[in-house]
Each structure stands twice: as structure tokens, then as C-alpha cells.
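K.L.:
Sharing run_32.pdb (PDB, C-alpha atoms) below.
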ATOM      1  CA  MET A 226     -27.338  13.634  -3.807
ATOM      2  CA  GLU A 227     -30.083  15.042  -6.103
ATOM      3  CA  GLN A 228     -27.429  16.299  -8.488
ATOM      4  CA  SER A 229     -25.654  12.948  -8.380
ATOM      5  CA  ASP A 230     -28.905  11.070  -9.115
ATOM      6  CA  ALA A 231     -29.725  13.470 -11.961
ATOM      7  CA  ARG A 232     -26.297  12.940 -13.440
ATOM      8  CA  LEU A 233     -26.680   9.183 -13.359
ATOM      9  CA  ASP A 234     -30.160   9.445 -14.860
ATOM     10  CA  ARG A 235     -28.763  11.436 -17.783
ATOM     11  CA  ILE A 236     -26.184   8.728 -18.406
ATOM     12  CA  ARG A 237     -28.797   5.982 -18.215
ATOM     13  CA  ASN A 238     -31.125   7.941 -20.510
ATOM     14  CA  ALA A 239     -28.307   8.138 -23.049
ATOM     15  CA  GLY A 240     -28.365   4.338 -23.235
ATOM     16  CA  PHE A 241     -25.382   3.498 -21.021
ATOM     17  CA  ALA A 242     -25.693   0.662 -18.515
ATOM     18  CA  ILE A 243     -24.060   1.813 -15.281
ATOM     19  CA  LEU A 244     -21.899  -0.858 -13.672
ATOM     20  CA  SER A 245     -21.783  -1.409  -9.934
ATOM     21  CA  THR A 246     -18.067  -2.215  -9.802
ATOM     22  CA  ASP A 247     -15.478   0.487  -9.055
ATOM     23  CA  LEU A 248     -13.239   0.444 -12.110
ATOM     24  CA  GLY A 249     -11.952   4.008 -12.049
ATOM     25  CA  ALA A 250     -10.165   4.289  -8.719
ATOM     26  CA  ALA A 251      -6.719   4.333 -10.316
ATOM     27  CA  GLY A 252      -5.307   5.834 -13.483
ATOM     28  CA  PRO A 253      -5.736   9.175 -15.260
ATOM     29  CA  THR A 254      -8.266  11.541 -13.692
ATOM     30  CA  ILE A 255     -11.182  13.412 -15.205
ATOM     31  CA  ASP A 256      -9.292  16.729 -14.936
ATOM     32  CA  GLU A 257      -6.252  15.253 -16.703
ATOM     33  CA  THR A 258      -8.487  13.951 -19.469
ATOM     34  CA  TRP A 259     -10.256  17.279 -19.962
ATOM     35  CA  ARG A 260      -6.877  19.016 -20.320
ATOM     36  CA  LEU A 261      -5.947  16.617 -23.116
ATOM     37  CA  VAL A 262      -9.321  16.874 -24.867
ATOM     38  CA  ALA A 263      -9.733  20.661 -24.624
ATOM     39  CA  GLY A 264      -6.148  21.867 -25.049
ATOM     40  CA  ALA A 265      -5.384  24.773 -27.368
ATOM     41  CA  ALA A 266      -3.383  22.614 -29.791
ATOM     42  CA  VAL A 267      -5.977  19.820 -30.050
ATOM     43  CA  THR A 268      -7.325  18.778 -33.431
ATOM     44  CA  PRO A 269     -10.398  16.553 -33.655
ATOM     45  CA  ASP A 270     -10.626  13.059 -35.047
ATOM     46  CA  VAL A 271     -13.963  14.135 -36.532
ATOM     47  CA  SER A 272     -16.006  17.355 -36.493
ATOM     48  CA  VAL A 273     -19.792  16.978 -36.573
ATOM     49  CA  PRO A 274     -21.767  20.095 -37.602
ATOM     50  CA  PHE A 275     -24.381  21.303 -35.137
ATOM     51  CA  SER A 276     -26.934  21.026 -37.945
ATOM     52  CA  ASP A 277     -26.472  17.245 -38.063
ATOM     53  CA  SER A 278     -28.700  15.111 -35.883
ATOM     54  CA  ALA A 279     -27.736  13.537 -32.572
ATOM     55  CA  VAL A 280     -27.737  10.227 -34.434
ATOM     56  CA  SER A 281     -24.755  11.449 -36.470
ATOM     57  CA  LEU A 282     -22.840  12.529 -33.357
ATOM     58  CA  THR A 283     -23.663   9.263 -31.607
ATOM     59  CA  GLY A 284     -22.533   7.130 -34.533
ATOM     60  CA  THR A 285     -19.302   9.103 -34.923
ATOM     61  CA  TRP A 286     -18.493   8.828 -31.222
ATOM     62  CA  LEU A 287     -19.156   5.083 -31.194
ATOM     63  CA  GLN A 288     -16.903   4.584 -34.186
ATOM     64  CA  VAL A 289     -14.082   6.542 -32.550
ATOM     65  CA  VAL A 290     -14.252   4.774 -29.178
ATOM     66  CA  ARG A 291     -14.354   1.360 -30.840
ATOM     67  CA  SER A 292     -11.624   1.943 -33.417
ATOM     68  CA  ASN A 293      -9.273   3.425 -30.792
ATOM     69  CA  HIS A 294      -9.899   0.659 -28.239
ATOM     70  CA  ILE A 295     -11.357   2.988 -25.644
ATOM     71  CA  VAL A 296     -14.064   0.420 -24.983
ATOM     72  CA  SER A 297     -13.063  -3.031 -23.744
ATOM     73  CA  ALA A 298     -13.918  -6.334 -25.371
ATOM     74  CA  ALA A 299     -16.980  -6.329 -23.095
ATOM     75  CA  ASP A 300     -17.996  -2.858 -24.372
ATOM     76  CA  GLU A 301     -17.062  -1.233 -21.043
ATOM     77  CA  LEU A 302     -15.432   2.137 -20.422
ATOM     78  CA  LEU A 303     -15.413   5.014 -17.924
ATOM     79  CA  ILE A 304     -17.268   8.257 -18.593
ATOM     80  CA  ALA A 305     -17.890  11.593 -16.857
ATOM     81  CA  ALA A 306     -20.216  14.454 -17.665
ATOM     82  CA  PRO A 307     -21.239  17.789 -16.066
ATOM     83  CA  PHE A 308     -24.408  18.077 -14.034
ATOM     84  CA  GLN A 309     -27.561  19.112 -15.848
ATOM     85  CA  GLY A 310     -27.898  22.143 -13.594
ATOM     86  CA  GLY A 311     -24.259  23.213 -13.724
ATOM     87  CA  GLY A 312     -22.200  23.615 -10.589
ATOM     88  CA  ALA A 313     -19.289  21.599  -9.274
ATOM     89  CA  ASP A 314     -18.754  18.184 -10.793
ATOM     90  CA  ILE A 315     -18.194  14.903  -8.962
ATOM     91  CA  GLN A 316     -14.645  13.951  -9.809
ATOM     92  CA  ASP A 317     -15.268  10.227 -10.080
ATOM     93  CA  TRP A 318     -15.332   8.150 -13.227
ATOM     94  CA  ILE A 319     -18.523   6.201 -13.813
ATOM     95  CA  PRO A 320     -18.042   2.690 -15.200
ATOM     96  CA  VAL A 321     -20.545   1.921 -17.952
ATOM     97  CA  ARG A 322     -21.308  -0.633 -20.630
ATOM     98  CA  LEU A 323     -22.503   0.276 -24.103
ATOM     99  CA  THR A 324     -25.947  -0.935 -25.117
ATOM    100  CA  GLY A 325     -27.689  -0.927 -28.449
ATOM    101  CA  ASN A 326     -29.567   2.259 -27.534
ATOM    102  CA  ILE A 327     -26.819   4.878 -27.186
ATOM    103  CA  ASN A 328     -28.181   8.378 -27.880
ATOM    104  CA  LEU A 329     -25.857  11.238 -26.969
ATOM    105  CA  SER A 330     -28.612  13.839 -27.248
ATOM    106  CA  SER A 331     -29.579  12.839 -23.694
ATOM    107  CA  MET A 332     -26.165  14.091 -22.513
ATOM    108  CA  VAL A 333     -27.052  17.737 -23.196
ATOM    109  CA  ASP A 334     -25.798  19.982 -20.387
ATOM    110  CA  ALA A 335     -27.117  23.237 -18.896
ATOM    111  CA  LYS A 336     -25.709  25.218 -21.859
ATOM    112  CA  GLY A 337     -27.599  23.081 -24.365
ATOM    113  CA  SER A 338     -24.437  21.331 -25.549
ATOM    114  CA  VAL A 339     -23.101  17.806 -25.447
ATOM    115  CA  GLU A 340     -19.691  17.800 -23.751
ATOM    116  CA  PHE A 341     -18.190  14.888 -21.863
ATOM    117  CA  VAL A 342     -15.080  12.757 -21.609
ATOM    118  CA  GLY A 343     -14.465   9.029 -21.487
ATOM    119  CA  ARG A 344     -11.520   6.778 -20.736
ATOM    120  CA  SER A 345     -10.525   3.173 -21.223
ATOM    121  CA  ILE A 346     -10.717   1.075 -18.078
ATOM    122  CA  GLN A 347      -7.010   0.296 -18.363
ATOM    123  CA  GLY A 348      -6.217   4.028 -18.404
ATOM    124  CA  THR A 349      -4.364   3.913 -21.716
ATOM    125  CA  SER A 350      -6.640   5.909 -24.038
ATOM    126  CA  TYR A 351      -9.300   8.612 -23.879
ATOM    127  CA  CYS A 352     -12.047  10.250 -25.885
ATOM    128  CA  GLY A 353     -14.072  13.419 -25.486
ATOM    129  CA  VAL A 354     -16.818  15.436 -27.109
ATOM    130  CA  THR A 355     -16.589  19.244 -27.006
ATOM    131  CA  ALA A 356     -18.763  21.969 -28.514
ATOM    132  CA  GLU A 357     -16.621  24.265 -30.676
ATOM    133  CA  ASP A 358     -17.402  27.140 -33.070
ATOM    134  CA  ASP A 359     -17.781  24.864 -36.099
ATOM    135  CA  GLY A 360     -19.593  21.970 -34.436
ATOM    136  CA  TYR A 361     -18.962  19.082 -32.089
ATOM    137  CA  TRP A 362     -15.416  17.832 -31.943
ATOM    138  CA  VAL A 363     -14.793  14.177 -31.185
ATOM    139  CA  VAL A 364     -11.234  13.877 -29.875
ATOM    140  CA  SER A 365      -9.313  10.753 -28.914
ATOM    141  CA  GLY A 366      -5.754   9.862 -28.015
ATOM    142  CA  LYS A 367      -3.358   7.901 -25.868
ATOM    143  CA  TYR A 368      -2.429   9.113 -22.408
ATOM    144  CA  PRO A 369       1.164  10.260 -22.024
ATOM    145  CA  ILE A 370       3.261   7.591 -20.361
ATOM    146  CA  PRO A 371       4.477   9.104 -17.070
ATOM    147  CA  ARG A 372       8.226   9.181 -16.744
ATOM    148  CA  PRO A 373       9.364   7.440 -13.556
ATOM    149  CA  THR A 374      10.721   9.825 -10.937
ATOM    150  CA  THR A 375      14.373   9.135 -10.199
ATOM    151  CA  TRP A 376      15.897   9.154  -6.746
ATOM    152  CA  ILE A 377      17.777  12.343  -7.545
ATOM    153  CA  GLU A 378      14.507  14.112  -8.448
ATOM    154  CA  SER A 379      12.516  12.811  -5.482
ATOM    155  CA  THR A 380      15.083  13.796  -2.831
ATOM    156  CA  SER A 381      14.869  17.192  -1.109
ATOM    157  CA  TRP A 382      18.380  18.623  -1.403
ATOM    158  CA  PRO A 383      19.842  21.385   0.808
ATOM    159  CA  PRO A 384      19.971  24.848  -0.807
ATOM    160  CA  LYS A 385      22.740  25.301  -3.329
ATOM    161  CA  GLY A 386      24.119  28.569  -2.029
ATOM    162  CA  SER A 387      24.438  27.932   1.698
ATOM    163  CA  THR A 388      24.808  24.215   2.354
ATOM    164  CA  THR A 389      27.991  22.625   3.628
ATOM    165  CA  LEU A 390      29.313  19.340   2.293
ATOM    166  CA  ALA A 391      28.714  17.794   5.724
ATOM    167  CA  GLU A 392      25.012  18.712   5.452
ATOM    168  CA  LEU A 393      24.841  17.289   1.960
ATOM    169  CA  LEU A 394      26.437  14.017   3.051
ATOM    170  CA  ASP A 395      24.036  13.801   5.995
ATOM    171  CA  THR A 396      21.147  14.185   3.543
ATOM    172  CA  ILE A 397      22.486  11.390   1.368
ATOM    173  CA  ARG A 398      23.155   9.051   4.296
ATOM    174  CA  GLY A 399      19.728   9.784   5.769
ATOM    175  CA  SER A 400      17.778   8.890   2.622
ATOM    176  CA  SER A 401      16.777   5.330   1.831
ATOM    177  CA  GLU A 402      16.165   6.434  -1.771
ATOM    178  CA  VAL A 403      19.726   7.546  -2.512
ATOM    179  CA  PRO A 404      22.204   4.784  -3.431
ATOM    180  CA  GLN A 405      24.855   4.737  -0.736
ATOM    181  CA  VAL A 406      27.820   4.729  -3.102
ATOM    182  CA  LYS A 407      30.363   7.336  -4.139
ATOM    183  CA  ILE A 408      29.165   7.447  -7.730
ATOM    184  CA  ALA A 409      25.766   8.598  -6.444
ATOM    185  CA  VAL A 410      27.437  11.419  -4.519
ATOM    186  CA  ALA A 411      29.320  12.441  -7.660
ATOM    187  CA  LYS A 412      26.044  12.454  -9.597
ATOM    188  CA  VAL A 413      24.453  14.796  -7.026
ATOM    189  CA  LEU A 414      27.459  17.095  -7.018
ATOM    190  CA  HIS A 415      27.388  17.314 -10.787
ATOM    191  CA  GLU A 416      23.634  17.424 -11.550
ATOM    192  CA  ILE A 417      22.286  19.307  -8.511
ATOM    193  CA  TYR A 418      25.193  21.536  -7.515
ATOM    194  CA  GLY A 419      26.706  22.067 -10.964
ATOM    195  CA  LEU A 420      30.233  20.849 -10.233
ATOM    196  CA  PRO A 421      32.338  19.659 -13.158
ATOM    197  CA  VAL A 422      32.760  15.888 -13.192
ATOM    198  CA  SER A 423      36.460  16.274 -12.389
ATOM    199  CA  LYS A 424      35.689  18.325  -9.252
ATOM    200  CA  ALA A 425      32.963  15.918  -8.190
ATOM    201  CA  ARG A 426      35.390  13.022  -8.434
ATOM    202  CA  GLU A 427      38.012  14.984  -6.517
ATOM    203  CA  ILE A 428      35.578  15.336  -3.620
ATOM    204  CA  THR A 429      34.404  11.711  -3.675
ATOM    205  CA  SER A 430      38.044  10.600  -3.685
ATOM    206  CA  VAL A 431      38.292  11.710  -0.030
ATOM    207  CA  LEU A 432      35.275   9.613   1.010
ATOM    208  CA  ASP A 433      35.508   5.997   2.075
ATOM    209  CA  CYS A 434      33.108   3.224   1.030
ATOM    210  CA  PHE A 435      30.699   4.328   3.790
ATOM    211  CA  LEU A 436      30.733   7.929   2.481
ATOM    212  CA  CYS A 437      32.717   9.104   5.504
ATOM    213  CA  PRO A 438      35.510  11.655   4.964
ATOM    214  CA  THR A 439      39.106  10.446   5.107
ATOM    215  CA  VAL A 440      40.320  14.012   5.736
ATOM    216  CA  THR A 441      39.547  16.508   8.470
ATOM    217  CA  GLU A 442      36.275  18.430   8.479
ATOM    218  CA  GLU A 443      38.162  21.653   7.707
ATOM    219  CA  GLU A 444      39.949  20.087   4.746
ATOM    220  CA  LEU A 445      36.702  18.628   3.467
ATOM    221  CA  GLU A 446      34.849  21.935   3.609
ATOM    222  CA  HIS A 447      37.760  23.795   2.014
ATOM    223  CA  LEU A 448      37.668  21.295  -0.866
ATOM    224  CA  TRP A 449      33.904  21.815  -1.155
ATOM    225  CA  ARG A 450      34.027  25.624  -1.070
ATOM    226  CA  SER A 451      36.893  25.721  -3.595
ATOM    227  CA  ALA A 452      34.683  23.696  -5.925
ATOM    228  CA  VAL A 453      31.369  25.544  -5.550
ATOM    229  CA  ALA A 454      32.705  29.075  -4.900
ATOM    230  CA  PRO A 455      36.356  29.247  -5.912
ATOM    231  CA  ASP A 456      36.438  33.056  -5.932
ATOM    232  CA  ALA A 457      35.480  33.151  -2.261
ATOM    233  CA  VAL A 458      38.257  30.815  -1.111
ATOM    234  CA  ASP A 459      41.541  32.314   0.073
TER     235      ASP A 459
END
Turn this file's structure into C-alpha cells for me.

P.N.:
Amino acid sequence: MEQSDARLDRIRNAGFAILSTDLGAAGPTIDETWRLVAGAAVTPDVSVPFSDSAVSLTGTWLQVVRSNHIVSAADELLIAAPFQGGGADIQDWIPVRLTGNINLSSMVDAKGSVEFVGRSIQGTSYCGVTAEDDGYWVVSGKYPIPRPTTWIESTSWPPKGSTTLAELLDTIRGSSEVPQVKIAVAKVLHEIYGLPVSKAREITSVLDCFLCPTVTEEELEHLWRSAVAPDAVD
């Protein structure tokens, strides 16, 4: 608790008004933001020499967060910073509002540097300050838009080398995520098990509209094995 209070005091002393509402429960995390700010291929928006005053760093940071819409129309954003005494960080964003007295020199950490990250409340953009060899880097950007996970990616499929077609069909029928149509089966056969489209269609041709085989179990498995391991089929 002492570390938490000290952390909040540092943020208040830097001129931020801490908000009581929980605005950072969802969206990109502090760890995700640090990876974007401190990555090996990152280039800064602006580099501020260590010899410049904290006023210069503060003014640069304010310009970047405003011009890149990291602060809201109400001058609100989320920030995070290490503890003054080092140690593990609390992985929670702190919602703050800018005031007319922002002074980033009060954000100095245990190493004597100013390093922290911030994020827009909507979770669309970020900004960070890092101490590099040539001075403070002020870095901003847009968060990558996560690609939606498809049903074929989110389903746990039986192993490629040992599964039977009956097991695969049971998996498909037992999943509410997988479309219960033959074209979905053909997609799995092609994308997950590597069957040519022609072979995938040959297998789905012996399934009815409920994905039940219209041939015997032996015939079905022979068709499957001849498709996935033709050299092993007599």
C-alpha cells in the first residue's frame, strides 16, 4: 500500500489530477504498451536531450499527446509509471486529467530517469517516454487492430497424424463454433489437414446434410486414409 500511495503521490506531484472512475479496465494493457514503446525498431516522434530542462520534456510530451489524440476532449487519459523505489509494478492504468501544472520532472524513477507510458481512454492510441543513449524519446502510435479469431483457429482439432475421420467429424459436430455444413468440413480438411480441394470435396460428397456418412465406416475411413496417407493404403 505504501508503494501504491507513493506512486499516486508522484503522479499528483507531476500535476495530474487522478480520477476516481475506473476507465482502464478494458483495452490494451500496460505491458502491451511498453512493448510498443520500447521495441527495438521504434523511432521517436521527438528526442529531447538530457541537457534540456524538464520544461522542454513536459512541453514536448504535451504536444505529442494532444496532436495524436491520446488525451480526450476533457483532457483525460490513462497513465502508468514505475514505483519510486523500484520493484514490481501495479499493472493497472490510472485515469488522470491534465491540469495547467504538468511537470514531468516529478515522474523521475529510482534510476533518476523519467520513463512512463500513457494510453487513450478509448484504447486506440498510446504514448511513452523512455530514457535512451541520446536523450529522452517521446514515442506515440496507434494500437494494432486485433484480427478476429475465426472458428477454424479457435477450435482444438485432433492431431493430424493419428486421427480418424470419425473423430474429426465428432469434433465438428460437438462444437457450437463450427458451422454445421459440408463446406465447413471441406475447409477443415483443406486448411488443417492439408488435403487438396478435390480430395476434400470427394470426402464431403459421402456426407449427408447432417454430416453423417452415407457409406459404411470402413469405406469412409479408407477414403480418409487414401487422402491423408495414400502410400500407406493397400

K.L.:
Fewer than 2 positions away in the same chain doesn't count, so skip those; otherwise give me all residues within 8 Å of region 271-283 of chain A, counting only C-alpha atoms, as a ChimeraX atom specification.

P.N.:
/A:269,285-287,327-330,359-364

K.L.:
Could you list, with a cut-off of 12 Å and counting all atoms listed in the file, the residues of region 338-387 of chain A near region 414-434 of chain A, each shown with its nearest atom pair and the distance in Å rounded to one decimal, rows sorted by chain and ascending number, as a Markdown table?

P.N.:
| residue | atom | partner | partner_atom | distance |
| --- | --- | --- | --- | --- |
| A:Ile377 | CA | A:Ile417 | CA | 8.4 |
| A:Glu378 | CA | A:Ile417 | CA | 9.4 |
| A:Thr380 | CA | A:Ile417 | CA | 10.7 |
| A:Ser381 | CA | A:Ile417 | CA | 10.7 |
| A:Trp382 | CA | A:Ile417 | CA | 8.1 |
| A:Pro383 | CA | A:Ile417 | CA | 9.9 |
| A:Pro384 | CA | A:Tyr418 | CA | 9.1 |
| A:Lys385 | CA | A:Tyr418 | CA | 6.1 |
| A:Gly386 | CA | A:Tyr418 | CA | 9.0 |
| A:Ser387 | CA | A:Tyr418 | CA | 11.2 |

K.L.:
Given the file above and the PyMOL selection byres ((chain A and resi 436) around 8), which residues are selected, and can you give them as a list of chain:residue names?

P.N.:
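Against this file, the PyMOL selection byres ((chain A and resi 436) around 8) returns the residues A:Leu394, A:Arg398, A:Gln405, A:Val406, A:Lys407, A:Leu432, A:Asp433, A:Cys434, A:Phe435, A:Cys437, A:Pro438.
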
K.L.:
Place a sphere of radius 6 Å on (-17.1, 14.9, -26.8) in the file coordinates and name every protein, DNA or RNA residue with an atom inside or on its surface, counting only C-alpha atoms; give the answer as a PyMOL selection string.

P.N.:
chain A and resi 340-342+353-355+363

K.L.:
Going by the chain IDs and residue numbers used in this file, which residues fall under the PyMOL selection byres ((chain A and resi 303) around 8)? Write them as a ChimeraX atom specification.

P.N.:
/A:248-249,301-302,304-305,318-321,343-346

K.L.:
Hey, could you pull the box centre and edge lengths for region 275-278 of chain A, axis-aligned, 8 Å padding per side, all listed atoms, to one decimal in Å, as JSON?

P.N.:
{"center_x": -26.5, "center_y": 18.2, "center_z": -36.6, "size_x": 20.3, "size_y": 22.2, "size_z": 18.9}

K.L.:
Work out how far apart CA of Met332 (chain A) and CA of Arg237 (chain A) are and give it in Å to one decimal.

P.N.:
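Answer for the CA of Met332 (chain A) to CA of Arg237 (chain A) separation: 9.5 Å.
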
K.L.:
Smallest atom-to-atom distance to Asp358 (chain A): which of A:Val262, A:Ser338, A:Ala251, A:Asp300, using all atoms listed in the file?

P.N.:
A:Ser338

K.L.:
Mind pulling up the distance from CA of Arg372 (chain A) to CA of Glu402 (chain A)?

P.N.:
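Distance reported for this atom pair: 17.2 Å.
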
K.L.:
Go through A:Thr258, A:Gln288, A:Thr324, A:Thr396 and flag the residue nearest Tyr368 (chain A), using all atoms listed in the file for the distances.

P.N.:
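Among the listed residues, A:Thr258 lies closest to Tyr368 (chain A).
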
K.L.:
Quick check on the file I pasted: which residues fall under the PyMOL selection byres ((chain A and resi 448) around 10)? Write them as a count of residues only.

P.N.:
18

K.L.:
Separation of CA of Thr254 (chain A) and CA of Gly284 (chain A), in Å?

P.N.:
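Answer for the CA of Thr254 (chain A) to CA of Gly284 (chain A) separation: 25.6 Å.
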
K.L.:
Quick one: everything within 10 Å of Pro369 (chain A), counting only C-alpha atoms, minus sequence neighbours fewer than 5 positions away in the same chain. Send it as a PDB file with C-alpha atoms, in the coordinates of the input.

P.N.:
ATOM      1  CA  PRO A 253      -5.736   9.175 -15.260  1.00  0.00           C
ATOM      2  CA  LEU A 261      -5.947  16.617 -23.116  1.00  0.00           C
ATOM      3  CA  THR A 349      -4.364   3.913 -21.716  1.00  0.00           C
ATOM      4  CA  SER A 350      -6.640   5.909 -24.038  1.00  0.00           C
TER       5      SER A 350
END

K.L.:
Which one of A:Thr389, A:Ser331, A:Thr268, A:Ser400 sits closest to Ala454 (chain A) if you count only C-alpha atoms?

P.N.:
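Looking only at the distances to Ala454 (chain A), the closest residue turns out to be A:Thr389.
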
K.L.:
Let me make sure I understand: among A:Asn293, A:Thr374, A:Thr439, A:Asn326, which one has the smallest atom-to-atom distance to Ile236 (chain A) if we use all atoms listed in the file?

P.N.:
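Going through A:Asn293, A:Thr374, A:Thr439, A:Asn326 one by one, the smallest distance to Ile236 (chain A) is for A:Asn326.
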
K.L.:
Taking only C-alpha atoms into account, which of A:Val339, A:Ala409, A:Ala231, A:Cys352 comes nearest Glu257 (chain A)?

P.N.:
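Closest candidate: A:Cys352.
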
K.L.:
Under the rule that all atoms listed in the file are counted, which of A:Lys336, A:Lys367, A:Arg322, A:Lys412 is the nearest residue to Ala242 (chain A)?

P.N.:
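Looking at the shortest contact to Ala242 (chain A), the residue is A:Arg322.
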